[in-house]
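Next comes entry_27.csv, with CSV, C-alpha atoms.
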chain,number,residue,atom,x,y,z
A,1,MET,CA,-10.0,82.1,160.5
A,2,SER,CA,-8.3,82.5,157.2
A,3,LEU,CA,-8.7,79.7,154.7
A,4,ASN,CA,-5.6,80.7,152.9
A,5,SER,CA,-2.5,78.7,154.0
A,6,ASN,CA,-0.5,80.1,156.8
A,7,SER,CA,1.9,82.9,155.9
A,8,CYS,CA,5.4,81.5,155.6
A,9,SER,CA,7.4,83.4,153.1
A,10,LEU,CA,7.3,83.1,149.4
A,11,LYS,CA,10.6,81.2,149.1
A,12,ASP,CA,9.5,78.7,151.8
A,13,ARG,CA,6.3,78.1,149.9
A,14,ILE,CA,8.3,77.6,146.6
A,15,ILE,CA,10.5,75.0,148.3
A,16,LYS,CA,7.7,73.3,150.1
A,17,GLU,CA,5.0,73.3,147.4
A,18,GLY,CA,6.8,74.0,144.1
A,19,LYS,CA,7.2,71.1,141.7
A,20,VAL,CA,10.0,70.7,139.2
A,21,LEU,CA,8.9,68.9,136.0
A,22,PRO,CA,11.1,67.6,133.2
A,23,GLY,CA,12.5,70.5,131.1
A,24,ASN,CA,13.1,72.7,134.1
A,25,ILE,CA,9.4,73.6,134.3
A,26,ILE,CA,8.6,74.9,137.8
A,27,LYS,CA,4.9,74.7,138.9
A,28,VAL,CA,3.7,76.9,141.7
A,29,ASP,CA,0.1,76.8,140.8
A,30,GLY,CA,-1.1,75.7,144.2
A,31,PHE,CA,-0.5,79.2,145.6
A,32,LEU,CA,0.5,81.6,142.8
A,33,ASN,CA,-1.3,81.1,139.5
A,34,HIS,CA,-4.2,78.6,139.6
A,35,ARG,CA,-5.3,78.3,143.2
A,36,VAL,CA,-4.1,81.6,144.5
A,37,ASP,CA,-3.3,82.2,148.2
A,38,THR,CA,-4.7,85.7,148.5
A,39,THR,CA,-3.0,86.3,152.0
A,40,LEU,CA,0.4,85.5,150.4
A,41,MET,CA,-0.5,87.9,147.6
A,42,GLU,CA,-1.1,90.7,150.2
A,43,GLU,CA,2.4,90.0,151.7
A,44,ILE,CA,3.8,90.2,148.2
A,45,ALA,CA,2.1,93.5,147.7
A,46,LYS,CA,3.8,94.7,150.9
A,47,GLN,CA,7.2,93.5,149.7
A,48,PHE,CA,6.7,95.4,146.4
A,49,ALA,CA,5.7,98.5,148.4
A,50,GLU,CA,9.1,98.4,150.1
A,51,ILE,CA,11.0,98.1,146.8
A,52,PHE,CA,9.1,100.7,144.7
A,53,ASP,CA,8.0,104.2,145.5
A,54,ILE,CA,4.2,103.5,145.4
A,55,SER,CA,3.4,107.2,146.0
A,56,LYS,CA,4.4,107.9,142.4
A,57,ILE,CA,2.3,105.1,140.8
A,58,THR,CA,-1.1,105.8,139.1
A,59,ALA,CA,-1.7,102.3,137.7
A,60,VAL,CA,-0.5,98.7,137.9
A,61,LEU,CA,-0.2,97.0,134.5
A,62,THR,CA,-0.1,93.2,134.0
A,63,ALA,CA,-0.8,90.6,131.2
A,64,GLU,CA,-3.6,88.2,131.1
A,65,ALA,CA,-4.2,85.7,132.6
A,66,SER,CA,-2.0,84.5,135.4
A,67,GLY,CA,-0.5,87.9,136.3
A,68,ILE,CA,-4.0,89.2,137.1
A,69,PRO,CA,-4.6,87.8,140.6
A,70,VAL,CA,-1.3,89.2,142.2
A,71,ALA,CA,-1.5,92.4,140.2
A,72,SER,CA,-5.1,93.0,141.3
A,73,ILE,CA,-4.3,92.6,144.9
A,74,CYS,CA,-1.2,94.9,144.6
A,75,ALA,CA,-3.3,97.6,142.8
A,76,HIS,CA,-6.0,97.4,145.4
A,77,LYS,CA,-3.4,97.6,148.2
A,78,PHE,CA,-1.7,100.6,146.5
A,79,GLY,CA,-5.1,102.4,145.9
A,80,VAL,CA,-4.7,102.5,142.1
A,81,PRO,CA,-6.4,100.9,139.1
A,82,LEU,CA,-5.3,97.7,137.5
A,83,ILE,CA,-4.9,97.5,133.8
A,84,PHE,CA,-4.5,94.1,132.2
A,85,ALA,CA,-3.2,93.7,128.7
A,86,LYS,CA,-5.3,91.2,126.7
A,87,LYS,CA,-4.4,88.6,124.3
A,88,ALA,CA,-5.9,89.5,120.9
A,89,LYS,CA,-8.7,87.0,120.1
A,90,SER,CA,-8.2,87.1,116.3
A,91,ASP,CA,-5.8,88.4,113.6
A,92,ASN,CA,-8.4,91.1,112.8
A,93,ILE,CA,-7.4,93.6,115.5
A,94,GLU,CA,-9.5,96.8,115.7
A,95,ASN,CA,-8.1,100.3,116.0
A,96,GLY,CA,-7.5,102.3,119.1
A,97,LEU,CA,-5.2,99.8,120.7
A,98,TYR,CA,-1.5,99.6,121.7
A,99,LYS,CA,-0.3,96.3,120.5
A,100,SER,CA,2.9,94.3,121.0
A,101,GLU,CA,3.7,90.8,119.6
A,102,LEU,CA,5.5,88.2,121.5
A,103,PHE,CA,6.2,84.5,121.1
A,104,SER,CA,4.2,82.6,123.8
A,105,TYR,CA,5.8,79.4,125.0
A,106,THR,CA,2.5,78.4,126.6
A,107,TYR,CA,0.6,78.8,123.3
A,108,ARG,CA,3.6,77.8,121.1
A,109,LYS,CA,2.8,80.7,118.7
A,110,THR,CA,3.0,84.4,118.3
A,111,VAL,CA,0.5,86.3,120.4
A,112,THR,CA,-0.5,89.9,120.2
A,113,MET,CA,-1.0,91.7,123.6
A,114,ILE,CA,-3.3,94.7,123.4
A,115,VAL,CA,-4.3,97.6,125.6
A,116,SER,CA,-7.0,100.1,124.7
A,117,THR,CA,-5.5,103.6,124.0
A,118,GLU,CA,-8.4,104.9,126.1
A,119,TRP,CA,-7.1,103.3,129.3
A,120,LEU,CA,-3.4,104.0,129.4
A,121,LYS,CA,-2.5,107.7,129.1
A,122,PRO,CA,0.8,109.6,128.8
A,123,GLU,CA,0.2,111.0,132.3
A,124,ASP,CA,0.1,107.5,133.9
A,125,HIS,CA,3.0,106.4,136.1
A,126,VAL,CA,3.0,102.6,135.7
A,127,LEU,CA,4.2,99.7,137.8
A,128,ILE,CA,4.3,96.5,135.8
A,129,ILE,CA,3.6,93.4,137.9
A,130,ASP,CA,3.8,89.8,136.7
A,131,ASP,CA,3.7,86.4,138.5
A,132,PHE,CA,6.4,84.6,136.6
A,133,MET,CA,9.4,85.5,134.4
A,134,ALA,CA,11.2,83.0,132.2
A,135,MET,CA,12.5,84.5,128.9
A,136,GLY,CA,10.8,87.8,129.7
A,137,ASN,CA,8.7,88.0,126.6
A,138,ALA,CA,5.4,89.0,128.3
A,139,VAL,CA,7.1,91.8,130.3
A,140,THR,CA,9.0,93.0,127.3
A,141,ALA,CA,5.7,93.4,125.5
A,142,LEU,CA,4.3,95.3,128.4
A,143,ILE,CA,7.3,97.7,128.4
A,144,ASP,CA,6.7,98.2,124.7
A,145,ILE,CA,3.1,99.1,125.4
A,146,VAL,CA,4.0,101.5,128.1
A,147,GLY,CA,6.4,103.2,125.6
A,148,GLN,CA,3.8,103.4,122.9
A,149,ALA,CA,1.4,105.1,125.4
A,150,GLY,CA,4.1,107.6,126.4
A,151,CYS,CA,3.7,106.7,130.1
A,152,THR,CA,6.4,106.8,132.8
A,153,LEU,CA,7.5,103.4,133.8
A,154,GLU,CA,8.2,103.4,137.5
A,155,GLY,CA,9.3,99.8,137.8
A,156,ILE,CA,8.8,96.2,137.1
A,157,GLY,CA,8.0,93.7,139.8
A,158,VAL,CA,8.0,90.0,139.2
A,159,VAL,CA,7.1,87.4,141.9
A,160,VAL,CA,9.1,84.4,140.7
A,161,GLU,CA,12.0,84.6,138.1
A,162,LYS,CA,13.6,81.6,136.5
A,163,GLY,CA,17.0,83.2,136.7
A,164,PHE,CA,18.7,80.5,134.5
A,165,GLN,CA,16.6,81.5,131.5
A,166,GLY,CA,18.1,84.9,131.3
A,167,GLY,CA,15.0,87.1,130.9
A,168,GLY,CA,15.5,88.8,134.3
A,169,ASP,CA,19.1,89.5,133.8
A,170,LYS,CA,18.5,91.2,130.5
A,171,LEU,CA,16.0,93.5,132.2
A,172,ARG,CA,18.2,94.0,135.3
A,173,ALA,CA,21.0,95.2,133.0
A,174,ARG,CA,18.8,98.1,131.9
A,175,LYS,CA,18.9,100.0,135.2
A,176,GLU,CA,16.3,102.6,134.0
A,177,LEU,CA,13.7,99.8,134.0
A,178,ASN,CA,14.0,99.4,137.8
A,179,TYR,CA,13.4,95.6,137.6
A,180,HIS,CA,13.1,93.5,140.7
A,181,ALA,CA,12.1,89.9,141.3
A,182,LEU,CA,11.1,88.6,144.8
A,183,ALA,CA,12.5,85.1,144.3
A,184,VAL,CA,15.1,84.3,141.6
A,185,ILE,CA,15.5,80.6,141.0
A,186,ASP,CA,19.0,79.8,139.7
A,187,ARG,CA,18.6,76.0,139.5
A,188,ALA,CA,15.6,73.7,139.5
A,189,ASP,CA,16.2,70.0,138.9
A,190,GLU,CA,15.8,66.6,140.5
A,191,ASN,CA,18.0,67.8,143.4
A,192,GLY,CA,15.6,70.6,144.2
A,193,ILE,CA,15.3,74.3,143.8
A,194,VAL,CA,18.2,76.7,144.5
A,195,PHE,CA,17.6,80.5,144.9
A,196,ARG,CA,20.1,83.2,143.8
A,197,GLU,CA,21.7,85.1,146.7
A,198,GLU,CA,20.0,88.4,147.5
A,199,GLU,CA,21.3,91.3,145.4
B,1,MET,CA,-5.1,109.9,147.8
B,2,SER,CA,-6.7,107.1,145.9
B,3,LEU,CA,-6.2,107.1,142.2
B,4,ASN,CA,-9.2,105.0,141.6
B,5,SER,CA,-12.2,107.1,140.6
B,6,ASN,CA,-14.5,108.2,143.4
B,7,SER,CA,-16.8,105.7,144.8
B,8,CYS,CA,-20.3,106.3,143.4
B,9,SER,CA,-22.2,103.1,143.1
B,10,LEU,CA,-21.9,100.4,140.4
B,11,LYS,CA,-25.2,101.4,138.6
B,12,ASP,CA,-24.2,105.1,138.5
B,13,ARG,CA,-20.8,104.1,137.0
B,14,ILE,CA,-22.6,101.9,134.4
B,15,ILE,CA,-24.9,104.8,133.4
B,16,LYS,CA,-22.1,107.4,133.4
B,17,GLU,CA,-19.3,105.4,131.8
B,18,GLY,CA,-20.9,102.4,130.1
B,19,LYS,CA,-21.1,102.5,126.3
B,20,VAL,CA,-23.7,100.8,124.3
B,21,LEU,CA,-22.4,99.5,120.9
B,22,PRO,CA,-24.4,98.2,118.0
B,23,GLY,CA,-25.7,94.7,118.7
B,24,ASN,CA,-26.6,95.5,122.3
B,25,ILE,CA,-22.9,95.2,123.3
B,26,ILE,CA,-22.3,97.0,126.6
B,27,LYS,CA,-18.8,98.1,127.4
B,28,VAL,CA,-17.8,98.8,130.9
B,29,ASP,CA,-14.1,98.2,130.4
B,30,GLY,CA,-13.0,101.6,132.0
B,31,PHE,CA,-13.8,100.3,135.5
B,32,LEU,CA,-14.7,96.6,135.4
B,33,ASN,CA,-12.7,94.5,133.0
B,34,HIS,CA,-9.8,96.2,131.3
B,35,ARG,CA,-8.8,99.2,133.4
B,36,VAL,CA,-10.3,98.0,136.7
B,37,ASP,CA,-11.2,100.4,139.6
B,38,THR,CA,-10.0,98.4,142.6
B,39,THR,CA,-11.8,100.6,145.1
B,40,LEU,CA,-15.1,99.8,143.3
B,41,MET,CA,-14.1,96.1,143.3
B,42,GLU,CA,-13.8,96.3,147.1
B,43,GLU,CA,-17.3,97.8,147.4
B,44,ILE,CA,-18.6,95.0,145.2
B,45,ALA,CA,-17.0,92.5,147.5
B,46,LYS,CA,-18.8,94.1,150.4
B,47,GLN,CA,-22.1,93.9,148.5
B,48,PHE,CA,-21.5,90.2,147.9
B,49,ALA,CA,-20.7,89.7,151.5
B,50,GLU,CA,-24.2,91.0,152.4
B,51,ILE,CA,-25.8,88.6,149.9
B,52,PHE,CA,-23.9,85.4,150.6
B,53,ASP,CA,-22.9,83.7,153.8
B,54,ILE,CA,-19.2,84.2,153.5
B,55,SER,CA,-18.4,82.3,156.7
B,56,LYS,CA,-19.3,79.1,154.8
B,57,ILE,CA,-17.0,79.7,151.8
B,58,THR,CA,-13.6,78.1,151.4
B,59,ALA,CA,-12.8,79.3,147.9
B,60,VAL,CA,-13.9,81.8,145.2
B,61,LEU,CA,-14.0,80.3,141.7
B,62,THR,CA,-13.9,82.4,138.4
B,63,ALA,CA,-13.0,82.0,134.8
B,64,GLU,CA,-10.1,83.6,133.0
B,65,ALA,CA,-9.6,86.4,132.1
B,66,SER,CA,-11.9,89.2,132.9
B,67,GLY,CA,-13.5,87.6,136.0
B,68,ILE,CA,-10.1,87.4,137.7
B,69,PRO,CA,-9.7,91.0,139.0
B,70,VAL,CA,-13.1,91.3,140.8
B,71,ALA,CA,-12.9,87.6,142.0
B,72,SER,CA,-9.3,88.2,143.3
B,73,ILE,CA,-10.3,91.2,145.4
B,74,CYS,CA,-13.4,89.4,146.7
B,75,ALA,CA,-11.4,86.3,147.7
B,76,HIS,CA,-8.8,88.5,149.4
B,77,LYS,CA,-11.6,90.4,151.3
B,78,PHE,CA,-13.2,87.1,152.3
B,79,GLY,CA,-9.9,85.6,153.4
B,80,VAL,CA,-10.0,82.6,151.1
B,81,PRO,CA,-8.1,81.4,148.0
B,82,LEU,CA,-9.0,82.3,144.5
B,83,ILE,CA,-9.2,79.6,141.9
B,84,PHE,CA,-9.5,80.6,138.2
B,85,ALA,CA,-10.6,78.1,135.5
B,86,LYS,CA,-8.3,78.3,132.5
B,87,LYS,CA,-9.0,78.1,128.9
B,88,ALA,CA,-7.3,75.1,127.5
B,89,LYS,CA,-4.4,76.1,125.3
B,90,SER,CA,-4.7,73.2,122.8
B,91,ASP,CA,-6.9,70.2,122.0
B,92,ASN,CA,-4.4,68.0,123.6
B,93,ILE,CA,-5.6,68.3,127.2
B,94,GLU,CA,-3.6,66.5,129.9
B,95,ASN,CA,-5.1,64.3,132.6
B,96,GLY,CA,-5.9,65.4,136.1
B,97,LEU,CA,-8.3,68.1,135.1
B,98,TYR,CA,-12.0,68.9,135.5
B,99,LYS,CA,-13.1,70.2,132.1
B,100,SER,CA,-16.2,71.8,130.7
B,101,GLU,CA,-16.9,72.9,127.1
B,102,LEU,CA,-18.7,76.1,126.2
B,103,PHE,CA,-19.3,78.2,123.2
B,104,SER,CA,-17.4,81.5,123.6
B,105,TYR,CA,-19.0,84.4,121.8
B,106,THR,CA,-15.7,86.3,122.3
B,107,TYR,CA,-13.6,83.7,120.6
B,108,ARG,CA,-16.5,82.6,118.3
B,109,LYS,CA,-15.6,78.9,118.9
B,110,THR,CA,-16.0,76.1,121.5
B,111,VAL,CA,-13.5,76.6,124.3
B,112,THR,CA,-12.7,74.1,127.1
B,113,MET,CA,-12.5,75.5,130.6
B,114,ILE,CA,-10.2,73.5,132.9
B,115,VAL,CA,-9.4,73.3,136.6
B,116,SER,CA,-6.7,71.0,138.0
B,117,THR,CA,-8.3,68.2,140.2
B,118,GLU,CA,-5.5,69.0,142.7
B,119,TRP,CA,-6.9,72.5,143.5
B,120,LEU,CA,-10.6,71.9,143.9
B,121,LYS,CA,-11.6,69.3,146.5
B,122,PRO,CA,-15.0,67.8,147.5
B,123,GLU,CA,-14.7,69.5,150.9
B,124,ASP,CA,-14.5,72.9,149.3
B,125,HIS,CA,-17.5,75.3,149.6
B,126,VAL,CA,-17.4,77.4,146.5
B,127,LEU,CA,-18.7,80.9,145.6
B,128,ILE,CA,-18.6,81.5,141.9
B,129,ILE,CA,-17.9,85.2,141.0
B,130,ASP,CA,-17.9,86.6,137.5
B,131,ASP,CA,-17.8,90.1,136.1
B,132,PHE,CA,-20.3,89.8,133.3
B,133,MET,CA,-23.2,87.5,132.4
B,134,ALA,CA,-24.8,87.4,128.9
B,135,MET,CA,-26.0,83.9,127.9
B,136,GLY,CA,-24.4,82.4,131.0
B,137,ASN,CA,-22.1,80.0,129.2
B,138,ALA,CA,-19.0,80.6,131.3
B,139,VAL,CA,-20.9,80.4,134.6
B,140,THR,CA,-22.6,77.2,133.5
B,141,ALA,CA,-19.2,75.7,132.7
B,142,LEU,CA,-18.0,76.7,136.2
B,143,ILE,CA,-21.1,75.1,137.8
B,144,ASP,CA,-20.4,71.9,135.8
B,145,ILE,CA,-16.8,71.9,137.2
B,146,VAL,CA,-18.0,72.4,140.8
B,147,GLY,CA,-20.2,69.4,140.2
B,148,GLN,CA,-17.4,67.3,138.8
B,149,ALA,CA,-15.3,68.1,141.8
B,150,GLY,CA,-18.1,67.2,144.2
B,151,CYS,CA,-17.8,70.6,146.0
B,152,THR,CA,-20.7,72.4,147.6
B,153,LEU,CA,-21.8,75.4,145.6
B,154,GLU,CA,-22.7,78.2,148.0
B,155,GLY,CA,-23.8,80.7,145.5
B,156,ILE,CA,-23.1,82.6,142.2
B,157,GLY,CA,-22.4,86.3,142.2
B,158,VAL,CA,-22.3,88.3,139.0
B,159,VAL,CA,-21.4,92.0,138.8
B,160,VAL,CA,-23.3,93.0,135.6
B,161,GLU,CA,-26.0,90.9,134.0
B,162,LYS,CA,-27.4,91.5,130.5
B,163,GLY,CA,-30.9,90.6,131.7
B,164,PHE,CA,-32.4,90.6,128.2
B,165,GLN,CA,-30.1,87.7,127.1
B,166,GLY,CA,-31.8,85.3,129.4
B,167,GLY,CA,-28.7,83.6,131.0
B,168,GLY,CA,-29.4,85.1,134.4
B,169,ASP,CA,-33.0,84.2,134.5
B,170,LYS,CA,-32.2,80.6,133.7
B,171,LEU,CA,-29.9,80.4,136.7
B,172,ARG,CA,-32.3,82.4,138.9
B,173,ALA,CA,-35.0,79.8,138.2
B,174,ARG,CA,-32.8,77.1,139.8
B,175,LYS,CA,-33.2,78.4,143.4
B,176,GLU,CA,-30.6,75.9,144.7
B,177,LEU,CA,-27.9,77.7,142.8
B,178,ASN,CA,-28.4,80.9,144.9
B,179,TYR,CA,-27.7,83.2,141.9
B,180,HIS,CA,-27.5,87.0,142.3
B,181,ALA,CA,-26.4,89.8,140.1
B,182,LEU,CA,-25.6,93.3,141.4
B,183,ALA,CA,-26.8,95.2,138.3
B,184,VAL,CA,-29.3,93.6,135.8
B,185,ILE,CA,-29.6,95.6,132.6
B,186,ASP,CA,-32.9,95.0,130.9
B,187,ARG,CA,-32.5,97.3,128.0
B,188,ALA,CA,-29.4,98.9,126.4
B,189,ASP,CA,-29.8,100.8,123.1
B,190,GLU,CA,-29.5,104.3,121.6
B,191,ASN,CA,-31.9,105.6,124.3
B,192,GLY,CA,-29.5,104.5,127.1
B,193,ILE,CA,-29.4,101.8,129.7
B,194,VAL,CA,-32.4,100.6,131.8
B,195,PHE,CA,-31.9,98.5,134.9
B,196,ARG,CA,-34.3,95.9,136.2
B,197,GLU,CA,-36.2,96.8,139.4
B,198,GLU,CA,-34.6,95.2,142.5
B,199,GLU,CA,-35.9,91.7,143.2
As structure tokens, how would this structure be written, given the file I've shared?
Amino acid sequence: MSLNSNSCSLKDRIIKEGKVLPGNIIKVDGFLNHRVDTTLMEEIAKQFAEIFDISKITAVLTAEASGIPVASICAHKFGVPLIFAKKAKSDNIENGLYKSELFSYTYRKTVTMIVSTEWLKPEDHVLIIDDFMAMGNAVTALIDIVGQAGCTLEGIGVVVEKGFQGGGDKLRARKELNYHALAVIDRADENGIVFREEE
Amino acid sequence: MSLNSNSCSLKDRIIKEGKVLPGNIIKVDGFLNHRVDTTLMEEIAKQFAEIFDISKITAVLTAEASGIPVASICAHKFGVPLIFAKKAKSDNIENGLYKSELFSYTYRKTVTMIVSTEWLKPEDHVLIIDDFMAMGNAVTALIDIVGQAGCTLEGIGVVVEKGFQGGGDKLRARKELNYHALAVIDRADENGIVFREEE
């Protein structure tokens, strides 16, 4: 018996369990990013494996903290290591790091994401995975880090995109980034959640 | 072909790849908590499944951020959800949360760990998993949260314990906690790393 919830699709779960809070905040923390349904994460990994050429990938890259569960299960499924970019703990950042600054809406301040130069190499072929996209600041910082490391970016997979905040569309316009989101929410208000039609 | 490193055991990996820095700091970030070898994480999940009665467990609980990769792969392997306690982003903490304060040596300040009361229920049977134990502050906060939620704690599994810092021994003395570490380091200095004999 699996104690994860039963396996209806991601969009069904968002409709059934997602909560829309004032300010167009969408909470999916009951299955995606606080209590995480690991069976659903495996299905998500399968969906990404249909979109991206997994045979080319040597590492999955994500950002701490809420991207880590889904990215870990994807990396495990794809048979590659997971690298997670960390948030710098202080302003006094040591050497030997790729770093990228972003404005964090969660922390309401500028945060520096860091990855050790030891663990991301020019020969790596990287798939970026993240749980949630709004403005796209975290993913943009990860793209920056992949560029600093001189790696090949094979694609960017996001589980839930708030389409109406524009971050996804900016990345979609840059075809070379190979950006895909599994569920794009185009409206979220007191009338419910509306998904964008499939591309 | 797996792009994770080949599967020698955890202790071999610590000896081969672990770095001892001044102040008895042990770095195992090339396979455990920055670039994470997901194949090794699956082996670790198998080891925990031999130690704990997985059939009783309804959720795995860990603390952000570095506990999340190993705990996610364990939860997936055990067919249960993963819950990760978050670090509170500000002093202004909303309602509906279990909270526990701890002193973080990484952040050099007091940090509040939080779990939404929605996602941890009295009927849950929880296995706490963490990557690293030094003083044991993070795990102690997780035990506190499990107690607040009125859950049953089925056990605590830690991957690497710095035995000489005493956190593990304090938990080991409380038999009811069912605490186990896969690798207990009793000495780490310029002469290398020495493991504690198996219990």
Taking (-29.4, 80.8, 137.0) in the file's own coordinates, collect the residues within 9 Å, counting only C-alpha atoms, and hand them back as a PDB file with C-alpha atoms, in the frame of the given file.
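Here's the written file result09.pdb:
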ATOM      1  CA  GLY B 136     -24.400  82.400 131.000  1.00  0.00           C
ATOM      2  CA  VAL B 139     -20.900  80.400 134.600  1.00  0.00           C
ATOM      3  CA  THR B 140     -22.600  77.200 133.500  1.00  0.00           C
ATOM      4  CA  ILE B 156     -23.100  82.600 142.200  1.00  0.00           C
ATOM      5  CA  GLY B 167     -28.700  83.600 131.000  1.00  0.00           C
ATOM      6  CA  GLY B 168     -29.400  85.100 134.400  1.00  0.00           C
ATOM      7  CA  ASP B 169     -33.000  84.200 134.500  1.00  0.00           C
ATOM      8  CA  LYS B 170     -32.200  80.600 133.700  1.00  0.00           C
ATOM      9  CA  LEU B 171     -29.900  80.400 136.700  1.00  0.00           C
ATOM     10  CA  ARG B 172     -32.300  82.400 138.900  1.00  0.00           C
ATOM     11  CA  ALA B 173     -35.000  79.800 138.200  1.00  0.00           C
ATOM     12  CA  ARG B 174     -32.800  77.100 139.800  1.00  0.00           C
ATOM     13  CA  LYS B 175     -33.200  78.400 143.400  1.00  0.00           C
ATOM     14  CA  LEU B 177     -27.900  77.700 142.800  1.00  0.00           C
ATOM     15  CA  ASN B 178     -28.400  80.900 144.900  1.00  0.00           C
ATOM     16  CA  TYR B 179     -27.700  83.200 141.900  1.00  0.00           C
ATOM     17  CA  HIS B 180     -27.500  87.000 142.300  1.00  0.00           C
TER      18      HIS B 180
END
Within 6 Å of chain A, which residues of chain B show up when using all atoms listed in the file, listed as a list in words?
->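 Taking all atoms listed in the file into account, Ser2, Leu3, Asn4, His34, Arg35, Val36, Asp37, Thr38, Ala65, Pro69, Ser72, His76, Gly79, Val80, Pro81, Leu82, Ile83, Phe84 and Tyr107 of chain B sit within 6 Å of chain A.
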Option closest in space to Gly157 in chain A, from A:Met113, A:Ile145, A:Ile15, A:Ala49 [counting all atoms listed in the file] | A:Ala49
Distance in Å - CA of Lys19 in chain B versus CA of Glu197 in chain B | 20.8 Å
Best match for closeness to Asp144 in chain B among B:Ile114, B:Glu198, B:Val160, B:Asn191, counting only C-alpha atoms |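 Smallest distance to Asp144 in chain B is found for B:Ile114.
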Pick from A:Gly150, A:Asn24, A:Lys46, A:Glu94, whichever lies nearest to Lys162 in chain A using all atoms listed in the file =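 Answer, going by the shortest atom-to-atom distance: A:Asn24.
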Interatomic distance, CA of Val184 in chain A to CA of Ile128 in chain A (Å, one decimal) | 17.3 Å
